[in-house]
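Structure first, commentary second.
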Amino acid sequence: MLRWTLFILFFALFEWYAFQAIKTVTQNRWIWLFYSIIVISIFGSLIWGGYNRSEGMTVSFNYAIGSFLMLIAFQILLIAFLFIEDLARIFQAIYGYLTGNKVSDAGFLPSRRKFVSQIALGLASIPLTSLLYGMYKGRYNYKVLQYELTYDDLPEAFDGFTITQISDVHSGSFDNAKKVQYGIDLINRQQSDVILFTGDFVNNQTSELDPWIDIFAQLKAPFGKYSVMGNHDYGDYMQWPSEAAKVENFEAFKKAHQSMGFDLLLNESRFLEKDGQRLALIGVENWGAGRFKKAGDLNKAVSGLQATDFKVLMTHDPSHWEAEVLPHPFPFHLTLSGHTHGMQFGIEIPGWIKWSPAQWRYKQWAGIYERDQQRINVNRGFGFLAYPGRVGMWPEVSVITLRRTSSLT
């Protein structure tokens, strides 16, 4: 109780301080009232109607998170700007007091300048409008990113073989079937040889997939569709009435993959064969550094394979790459991961800047990375979670073309 009391008091002080800029710019009491209602509504929806572990992360909770993030981003920048001005005002007041100069007719401190508040409000509106745009349009702003990767030992029959990778659907967050259908059609237009999904089809439970099974079943590829588990797919973020209910959910999850036409790889491998040659496709269950689930068994997944096989590995969490994949005796030519979402927020200008808060947590967080002649692609994700939007880190469809080095000379 004390913790919540202190938090509410801090939040109230935070709000009061941010409100000073609005109060300085306008004296309209209705704007003050409107702003206060918005703040209280958003804050209350998170505190008293927030995350329910028996329901999981729902669409309404995502919207509450998104609204709260917009408000906080707006206020943090606003407060930072006002704080700098307040420091200047304090030093000005101290100087006036020590020198005997009159600071202001209002008393010790000079009054807040209206134009400073106007500038602060204008700057603070930038992240607010960006996050609003990300919720309105960015979350379904699908982008196709194409990569061409060359290998000396790629089987000749697979020269030019194309892989479409998608990841992190988080179907429980979707609320626009038309936009999702557009994304599925975009994937099919790539006409890749194989489609690989690298985990997190749901937020909490298999039932979230029910409205979308027919849409994802439309995905087609001549060499098939394969998938692996992500950390959200196990139902670990739900409060189940019993362990049996959780097991039943997992069995339903596997059946849903069959209904969508995906071959779910649970620490196992498949061979893709073409003109008498083969490519090994390996899929492990989720393995993540730190607190994330470690169900992946790489040794079990590669049993029956040879070190010389050309290997494409699907593993949801990119932290698995440095922890177990690179040190493994077998070389894994290409690893495909997701999980990070690129934090759904960042700035990317090819050849100039690539930044996201995701890089503070993950060394490999978006795009292609190479180490010891082994590569990993970290997909930015097809869906979204918590914040129901994307800014800069758009939903991604990765298209990877495998090339044999000798064919390019």
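The chains in the structure tokens are called A, B, ... from first to last as shown; in each chain the residues are counted from 1, and the ligands are counted from 1 in the order shown.
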
Residues near Val378 in chain A, cut-off 10 Å, only C-alpha atoms, skip fewer than 4 positions along chain, as a PyMOL selection string: chain A and resi 165-167+198+316-318+335-342+364-369+398

Print the selection's residues with N, CA and C atoms to a file, as a PDB file, in the first residue's frame.
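The new file selection_7.pdb reads:
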```pdb
ATOM      1  N   GLN A 165      11.348 -15.090 -44.531  1.00  0.00           N
ATOM      2  CA  GLN A 165      11.254 -15.241 -43.076  1.00  0.00           C
ATOM      3  C   GLN A 165      10.292 -14.214 -42.508  1.00  0.00           C
ATOM      4  N   ILE A 166       9.370 -14.692 -41.676  1.00  0.00           N
ATOM      5  CA  ILE A 166       8.536 -13.806 -40.874  1.00  0.00           C
ATOM      6  C   ILE A 166       8.672 -14.230 -39.424  1.00  0.00           C
ATOM      7  N   SER A 167       8.337 -13.345 -38.518  1.00  0.00           N
ATOM      8  CA  SER A 167       8.516 -13.647 -37.108  1.00  0.00           C
ATOM      9  C   SER A 167       7.571 -12.794 -36.275  1.00  0.00           C
ATOM     10  N   THR A 198       9.721 -17.712 -37.326  1.00  0.00           N
ATOM     11  CA  THR A 198      10.646 -17.900 -36.212  1.00  0.00           C
ATOM     12  C   THR A 198      10.063 -17.506 -34.843  1.00  0.00           C
ATOM     13  N   HIS A 316      14.255 -18.679 -32.067  1.00  0.00           N
ATOM     14  CA  HIS A 316      13.517 -17.431 -31.878  1.00  0.00           C
ATOM     15  C   HIS A 316      14.360 -16.281 -31.329  1.00  0.00           C
ATOM     16  N   ASP A 317      15.126 -16.550 -30.306  1.00  0.00           N
ATOM     17  CA  ASP A 317      15.840 -15.497 -29.576  1.00  0.00           C
ATOM     18  C   ASP A 317      17.271 -15.370 -30.093  1.00  0.00           C
ATOM     19  N   PRO A 318      17.691 -14.185 -30.580  1.00  0.00           N
ATOM     20  CA  PRO A 318      19.035 -14.043 -31.138  1.00  0.00           C
ATOM     21  C   PRO A 318      20.162 -14.200 -30.120  1.00  0.00           C
ATOM     22  N   THR A 335      21.513 -18.496 -39.462  1.00  0.00           N
ATOM     23  CA  THR A 335      20.573 -18.581 -38.348  1.00  0.00           C
ATOM     24  C   THR A 335      19.507 -17.507 -38.529  1.00  0.00           C
ATOM     25  N   LEU A 336      18.272 -17.880 -38.292  1.00  0.00           N
ATOM     26  CA  LEU A 336      17.149 -16.946 -38.426  1.00  0.00           C
ATOM     27  C   LEU A 336      16.472 -16.780 -37.072  1.00  0.00           C
ATOM     28  N   SER A 337      16.341 -15.525 -36.632  1.00  0.00           N
ATOM     29  CA  SER A 337      15.751 -15.228 -35.329  1.00  0.00           C
ATOM     30  C   SER A 337      14.793 -14.049 -35.436  1.00  0.00           C
ATOM     31  N   GLY A 338      14.145 -13.744 -34.328  1.00  0.00           N
ATOM     32  CA  GLY A 338      13.246 -12.591 -34.243  1.00  0.00           C
ATOM     33  C   GLY A 338      13.318 -12.025 -32.842  1.00  0.00           C
ATOM     34  N   HIS A 339      12.195 -12.001 -32.144  1.00  0.00           N
ATOM     35  CA  HIS A 339      12.099 -11.725 -30.718  1.00  0.00           C
ATOM     36  C   HIS A 339      12.251 -10.249 -30.326  1.00  0.00           C
ATOM     37  N   THR A 340      13.207  -9.529 -30.883  1.00  0.00           N
ATOM     38  CA  THR A 340      13.511  -8.176 -30.411  1.00  0.00           C
ATOM     39  C   THR A 340      12.487  -7.147 -30.861  1.00  0.00           C
ATOM     40  N   HIS A 341      11.838  -7.371 -32.004  1.00  0.00           N
ATOM     41  CA  HIS A 341      10.912  -6.420 -32.634  1.00  0.00           C
ATOM     42  C   HIS A 341      11.624  -5.118 -33.027  1.00  0.00           C
ATOM     43  N   GLY A 342      12.967  -5.075 -32.881  1.00  0.00           N
ATOM     44  CA  GLY A 342      13.643  -3.787 -33.030  1.00  0.00           C
ATOM     45  C   GLY A 342      13.090  -2.777 -32.040  1.00  0.00           C
ATOM     46  N   GLN A 364      22.764  -8.489 -31.298  1.00  0.00           N
ATOM     47  CA  GLN A 364      22.181  -8.692 -32.624  1.00  0.00           C
ATOM     48  C   GLN A 364      20.684  -8.428 -32.480  1.00  0.00           C
ATOM     49  N   TRP A 365      20.216  -7.326 -33.026  1.00  0.00           N
ATOM     50  CA  TRP A 365      18.832  -6.933 -32.743  1.00  0.00           C
ATOM     51  C   TRP A 365      17.997  -6.659 -33.996  1.00  0.00           C
ATOM     52  N   ALA A 366      18.619  -6.467 -35.164  1.00  0.00           N
ATOM     53  CA  ALA A 366      17.843  -6.261 -36.404  1.00  0.00           C
ATOM     54  C   ALA A 366      18.783  -6.360 -37.595  1.00  0.00           C
ATOM     55  N   GLY A 367      18.412  -7.205 -38.561  1.00  0.00           N
ATOM     56  CA  GLY A 367      19.199  -7.302 -39.778  1.00  0.00           C
ATOM     57  C   GLY A 367      20.235  -8.412 -39.735  1.00  0.00           C
ATOM     58  N   ILE A 368      21.198  -8.328 -40.657  1.00  0.00           N
ATOM     59  CA  ILE A 368      22.214  -9.361 -40.849  1.00  0.00           C
ATOM     60  C   ILE A 368      23.467  -9.054 -40.029  1.00  0.00           C
ATOM     61  N   TYR A 369      23.980 -10.092 -39.359  1.00  0.00           N
ATOM     62  CA  TYR A 369      25.254 -10.020 -38.636  1.00  0.00           C
ATOM     63  C   TYR A 369      26.095 -11.233 -39.041  1.00  0.00           C
ATOM     64  N   SER A 398      11.298 -10.608 -44.401  1.00  0.00           N
ATOM     65  CA  SER A 398      12.679 -10.787 -44.878  1.00  0.00           C
ATOM     66  C   SER A 398      12.691 -11.764 -46.038  1.00  0.00           C
TER      67      SER A 398
END
```

May I have the residues within 10 Å of range 327-331 of chain A as a VMD selection string, using only C-alpha atoms and disregarding those fewer than 5 positions away in the same chain? chain A and resid 298 to 299 302 305 to 312 321 to 322 372 to 374

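One finds CA of Lys178 in chain A at 13.1 Å from CA of Asp214 in chain A.
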
Quick one: pull the distance between CA of Ser117 in chain A and CA of Ser41 in chain A, Å, one decimal. 24.6 Å

What lies within 7 Å of His232 in chain A using only C-alpha atoms, ignoring chain neighbours under 3 positions off, as a ChimeraX atom specification? /A:200,202-204,235-236

Show which residues sit within 10 Å of Phe253 in chain A, as a PyMOL selection string. Count only C-alpha atoms, and ignore same-chain residues fewer than 2 positions away. chain A and resi 201-202+205-207+209+229+233-235+247-251+255-259+264

Selection: 10 Å around Phe174 in chain A, only C-alpha atoms, excl. self and same-chain fewer than 5 positions, as a short mmCIF file (atom, residue, chain, number, x, y, z; two decimals) with N, CA and C atoms, in the first residue's frame:
```cif
data_model
loop_
_atom_site.label_atom_id
_atom_site.label_comp_id
_atom_site.auth_asym_id
_atom_site.auth_seq_id
_atom_site.Cartn_x
_atom_site.Cartn_y
_atom_site.Cartn_z
N THR A 58 -4.18 -8.31 -23.75
CA THR A 58 -5.29 -8.14 -24.68
C THR A 58 -5.09 -6.89 -25.53
N VAL A 59 -5.96 -6.73 -26.53
CA VAL A 59 -5.90 -5.55 -27.40
C VAL A 59 -6.15 -4.28 -26.59
N ARG A 139 1.98 0.34 -37.47
CA ARG A 139 1.92 -1.06 -37.05
C ARG A 139 1.61 -2.01 -38.20
N TYR A 140 0.98 -1.51 -39.26
CA TYR A 140 0.69 -2.35 -40.43
C TYR A 140 1.45 -1.87 -41.67
N VAL A 169 4.41 -12.71 -34.93
CA VAL A 169 3.09 -12.30 -35.41
C VAL A 169 2.27 -11.67 -34.28
N LYS A 179 -5.82 -5.29 -43.12
CA LYS A 179 -4.39 -4.97 -43.13
C LYS A 179 -3.55 -6.24 -43.02
N VAL A 180 -3.98 -7.18 -42.19
CA VAL A 180 -3.25 -8.44 -42.05
C VAL A 180 -3.28 -9.21 -43.37
N GLU A 208 -6.16 -17.05 -29.52
CA GLU A 208 -5.94 -15.80 -30.26
C GLU A 208 -5.76 -16.05 -31.75
N LEU A 209 -5.33 -17.25 -32.09
CA LEU A 209 -5.08 -17.58 -33.49
C LEU A 209 -6.36 -17.88 -34.27
N PRO A 211 -9.18 -16.45 -35.19
CA PRO A 211 -9.68 -15.61 -36.28
C PRO A 211 -8.72 -15.49 -37.46
N TRP A 212 -7.48 -15.96 -37.28
CA TRP A 212 -6.44 -15.71 -38.29
C TRP A 212 -5.93 -16.97 -38.97
N GLY A 383 4.25 -8.51 -36.39
CA GLY A 383 3.19 -7.92 -35.57
C GLY A 383 3.73 -6.93 -34.55
N PHE A 384 3.03 -6.82 -33.44
CA PHE A 384 3.41 -5.85 -32.41
C PHE A 384 2.87 -6.33 -31.07
N LEU A 385 3.48 -5.82 -30.00
CA LEU A 385 3.12 -6.26 -28.66
C LEU A 385 3.25 -5.10 -27.68
N PRO A 388 0.89 -0.71 -29.23
CA PRO A 388 0.22 -1.18 -30.45
C PRO A 388 0.59 -0.34 -31.66
#
```

Which residue, A:Leu123, A:Ile353, A:Leu6, A:Met260, has the smallest gap to Leu78 in chain A when you use only C-alpha atoms?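 Comparing A:Leu123, A:Ile353, A:Leu6, A:Met260 against Leu78 in chain A, the winner is A:Leu123.
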
Given the choices A:His333, A:Arg380, A:Lys225, A:His170, which gets closest to Ser356 in chain A if the distance is worked out from only C-alpha atoms?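 Closest residue, counting only C-alpha atoms: A:Arg380.
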
Can you list every residue of range 127-176 of chain A that has an atom at most 12 Å from range 391-396 of chain A, with its nearest atom pair and the distance in Å to one decimal, using only C-alpha atoms, ordered by chain then number, as CSV?
```
residue,atom,partner,partner_atom,distance
A:Pro127,CA,A:Val391,CA,9.8
A:Leu128,CA,A:Val391,CA,11.2
A:Thr129,CA,A:Val391,CA,10.4
A:Ser130,CA,A:Val391,CA,6.7
A:Leu131,CA,A:Val391,CA,6.6
A:Leu132,CA,A:Val391,CA,9.1
A:Tyr133,CA,A:Val391,CA,7.6
A:Gly134,CA,A:Val391,CA,5.0
A:Met135,CA,A:Val391,CA,8.4
A:Tyr136,CA,A:Val391,CA,10.4
A:Lys137,CA,A:Val391,CA,9.3
A:Gly138,CA,A:Val391,CA,6.1
A:Arg139,CA,A:Pro395,CA,6.6
A:Tyr140,CA,A:Pro395,CA,6.6
A:Asn141,CA,A:Trp394,CA,6.0
A:Tyr142,CA,A:Pro395,CA,4.8
A:Lys143,CA,A:Glu396,CA,5.1
A:Val144,CA,A:Glu396,CA,6.0
A:Leu145,CA,A:Glu396,CA,6.9
A:Gln146,CA,A:Glu396,CA,10.2
A:Thr164,CA,A:Glu396,CA,10.4
A:Gln165,CA,A:Glu396,CA,8.8
A:Ile166,CA,A:Glu396,CA,7.1
A:Ser167,CA,A:Glu396,CA,8.3
A:Asp168,CA,A:Pro395,CA,9.5
A:Val169,CA,A:Pro395,CA,9.4
A:His170,CA,A:Pro395,CA,11.7
```

Go through range 132-206 of chain A and collect every residue that DSSP, computed from the backbone, puts in helix (DSSP H, G or I); the answer should be as a list in words. Leu132, Tyr133, Gly134, Met135, Tyr136, Gly138, Arg139, Tyr140, Glu156, Ala157, Phe158, Ser171, Gly172, Ser173, Ala177, Lys178, Lys179, Val180, Gln181, Tyr182, Gly183, Ile184, Asp185, Leu186, Ile187, Asn188, Arg189 and Thr206 of chain A

Any chance you could export the current selection's N, CA and C atoms as a PDB file, in the first residue's frame?
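Written file, result.pdb:
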```pdb
ATOM      1  N   LEU A 132       1.754   8.394 -31.965  1.00  0.00           N
ATOM      2  CA  LEU A 132       0.378   8.344 -32.451  1.00  0.00           C
ATOM      3  C   LEU A 132       0.343   7.834 -33.885  1.00  0.00           C
ATOM      4  N   TYR A 133       1.277   8.308 -34.723  1.00  0.00           N
ATOM      5  CA  TYR A 133       1.376   7.821 -36.102  1.00  0.00           C
ATOM      6  C   TYR A 133       1.687   6.321 -36.120  1.00  0.00           C
ATOM      7  N   GLY A 134       2.586   5.904 -35.221  1.00  0.00           N
ATOM      8  CA  GLY A 134       2.931   4.488 -35.159  1.00  0.00           C
ATOM      9  C   GLY A 134       1.749   3.609 -34.833  1.00  0.00           C
ATOM     10  N   MET A 135       0.823   4.130 -34.010  1.00  0.00           N
ATOM     11  CA  MET A 135      -0.385   3.377 -33.675  1.00  0.00           C
ATOM     12  C   MET A 135      -1.405   3.421 -34.804  1.00  0.00           C
ATOM     13  N   TYR A 136      -1.483   4.556 -35.483  1.00  0.00           N
ATOM     14  CA  TYR A 136      -2.494   4.728 -36.519  1.00  0.00           C
ATOM     15  C   TYR A 136      -2.115   3.999 -37.813  1.00  0.00           C
ATOM     16  N   GLY A 138       1.742   2.946 -38.558  1.00  0.00           N
ATOM     17  CA  GLY A 138       3.017   2.252 -38.558  1.00  0.00           C
ATOM     18  C   GLY A 138       2.940   0.773 -38.272  1.00  0.00           C
ATOM     19  N   ARG A 139       1.980   0.343 -37.467  1.00  0.00           N
ATOM     20  CA  ARG A 139       1.924  -1.061 -37.052  1.00  0.00           C
ATOM     21  C   ARG A 139       1.606  -2.012 -38.198  1.00  0.00           C
ATOM     22  N   TYR A 140       0.975  -1.513 -39.261  1.00  0.00           N
ATOM     23  CA  TYR A 140       0.687  -2.349 -40.429  1.00  0.00           C
ATOM     24  C   TYR A 140       1.445  -1.870 -41.671  1.00  0.00           C
ATOM     25  N   GLU A 156      25.095 -26.702 -55.174  1.00  0.00           N
ATOM     26  CA  GLU A 156      24.866 -26.020 -56.445  1.00  0.00           C
ATOM     27  C   GLU A 156      23.391 -25.955 -56.817  1.00  0.00           C
ATOM     28  N   ALA A 157      22.641 -26.981 -56.460  1.00  0.00           N
ATOM     29  CA  ALA A 157      21.215 -27.007 -56.793  1.00  0.00           C
ATOM     30  C   ALA A 157      20.443 -25.903 -56.064  1.00  0.00           C
ATOM     31  N   PHE A 158      20.994 -25.384 -54.973  1.00  0.00           N
ATOM     32  CA  PHE A 158      20.301 -24.369 -54.186  1.00  0.00           C
ATOM     33  C   PHE A 158      20.804 -22.953 -54.475  1.00  0.00           C
ATOM     34  N   SER A 171      -0.593 -12.593 -32.810  1.00  0.00           N
ATOM     35  CA  SER A 171      -1.943 -12.473 -33.380  1.00  0.00           C
ATOM     36  C   SER A 171      -2.962 -11.891 -32.404  1.00  0.00           C
ATOM     37  N   GLY A 172      -2.718 -12.027 -31.111  1.00  0.00           N
ATOM     38  CA  GLY A 172      -3.646 -11.473 -30.132  1.00  0.00           C
ATOM     39  C   GLY A 172      -3.690  -9.960 -30.121  1.00  0.00           C
ATOM     40  N   SER A 173      -2.760  -9.318 -30.816  1.00  0.00           N
ATOM     41  CA  SER A 173      -2.738  -7.856 -30.893  1.00  0.00           C
ATOM     42  C   SER A 173      -3.440  -7.327 -32.145  1.00  0.00           C
ATOM     43  N   ALA A 177      -8.364  -7.064 -39.953  1.00  0.00           N
ATOM     44  CA  ALA A 177      -8.192  -8.219 -40.840  1.00  0.00           C
ATOM     45  C   ALA A 177      -7.754  -7.805 -42.240  1.00  0.00           C
ATOM     46  N   LYS A 178      -8.236  -6.655 -42.711  1.00  0.00           N
ATOM     47  CA  LYS A 178      -7.872  -6.194 -44.050  1.00  0.00           C
ATOM     48  C   LYS A 178      -6.378  -5.907 -44.150  1.00  0.00           C
ATOM     49  N   LYS A 179      -5.817  -5.290 -43.123  1.00  0.00           N
ATOM     50  CA  LYS A 179      -4.393  -4.974 -43.131  1.00  0.00           C
ATOM     51  C   LYS A 179      -3.548  -6.240 -43.021  1.00  0.00           C
ATOM     52  N   VAL A 180      -3.977  -7.178 -42.191  1.00  0.00           N
ATOM     53  CA  VAL A 180      -3.247  -8.439 -42.055  1.00  0.00           C
ATOM     54  C   VAL A 180      -3.285  -9.207 -43.371  1.00  0.00           C
ATOM     55  N   GLN A 181      -4.435  -9.194 -44.035  1.00  0.00           N
ATOM     56  CA  GLN A 181      -4.550  -9.858 -45.327  1.00  0.00           C
ATOM     57  C   GLN A 181      -3.585  -9.245 -46.340  1.00  0.00           C
ATOM     58  N   TYR A 182      -3.442  -7.928 -46.295  1.00  0.00           N
ATOM     59  CA  TYR A 182      -2.477  -7.270 -47.174  1.00  0.00           C
ATOM     60  C   TYR A 182      -1.060  -7.794 -46.912  1.00  0.00           C
ATOM     61  N   GLY A 183      -0.711  -7.972 -45.622  1.00  0.00           N
ATOM     62  CA  GLY A 183       0.608  -8.495 -45.291  1.00  0.00           C
ATOM     63  C   GLY A 183       0.814  -9.908 -45.811  1.00  0.00           C
ATOM     64  N   ILE A 184      -0.205 -10.746 -45.718  1.00  0.00           N
ATOM     65  CA  ILE A 184      -0.116 -12.120 -46.221  1.00  0.00           C
ATOM     66  C   ILE A 184       0.044 -12.125 -47.743  1.00  0.00           C
ATOM     67  N   ASP A 185      -0.725 -11.277 -48.424  1.00  0.00           N
ATOM     68  CA  ASP A 185      -0.607 -11.183 -49.881  1.00  0.00           C
ATOM     69  C   ASP A 185       0.787 -10.705 -50.282  1.00  0.00           C
ATOM     70  N   LEU A 186       1.349  -9.793 -49.497  1.00  0.00           N
ATOM     71  CA  LEU A 186       2.697  -9.287 -49.770  1.00  0.00           C
ATOM     72  C   LEU A 186       3.721 -10.411 -49.659  1.00  0.00           C
ATOM     73  N   ILE A 187       3.563 -11.276 -48.676  1.00  0.00           N
ATOM     74  CA  ILE A 187       4.462 -12.419 -48.522  1.00  0.00           C
ATOM     75  C   ILE A 187       4.355 -13.348 -49.722  1.00  0.00           C
ATOM     76  N   ASN A 188       3.139 -13.665 -50.123  1.00  0.00           N
ATOM     77  CA  ASN A 188       2.953 -14.568 -51.263  1.00  0.00           C
ATOM     78  C   ASN A 188       3.494 -13.988 -52.559  1.00  0.00           C
ATOM     79  N   ARG A 189       3.455 -12.662 -52.696  1.00  0.00           N
ATOM     80  CA  ARG A 189       3.981 -12.043 -53.923  1.00  0.00           C
ATOM     81  C   ARG A 189       5.491 -12.205 -54.060  1.00  0.00           C
ATOM     82  N   THR A 206      -3.539 -19.972 -27.381  1.00  0.00           N
ATOM     83  CA  THR A 206      -3.787 -20.419 -28.751  1.00  0.00           C
ATOM     84  C   THR A 206      -5.069 -19.855 -29.335  1.00  0.00           C
TER      85      THR A 206
END
```

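For the residues A:Leu69, A:Phe74, A:Asn62, A:Gln218, ranking by smallest atom-to-atom distance to Ala18 in chain A using only C-alpha atoms places A:Phe74 first.
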
In range 211-390 of chain A, what's strand (DSSP E) per DSSP? Answer as a PyMOL selection string? chain A and resi 225-227+262-264+268-274+277-283+311-314+334-337+347-349+353-355+367-371+374-378

So that I can check the surroundings of Arg403 in chain A, please list as a PyMOL selection string every protein, DNA and RNA residue that reaches within 7 Å of it, counting only C-alpha atoms and ignoring chain neighbours fewer than 6 positions away. chain A and resi 148-151+159-160

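One distance worth recording is that between CA of Asn231 in chain A and CA of Lys354 in chain A, which is 26.0 Å.
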
If you count only C-alpha atoms, which residues fall within 8 Å of Leu313 in chain A, apart from same-chain ones fewer than 3 positions away, as a list of chain:residue names? A:Leu281, A:Ile282, A:Gly283, A:Val284, A:Phe332, A:Leu334, A:Thr335, A:Leu336

Nearest residue to Phe81 in chain A out of A:Trp16, A:Phe271, A:Thr99, A:Leu121, using only C-alpha atoms?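 The answer is A:Leu121, which sits nearest to Phe81 in chain A.
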
Out of A:Gly66, A:Phe91, A:Ser192, A:Met57, which residue has the shortest atom-to-atom distance to Thr401 in chain A when counting only C-alpha atoms? A:Ser192
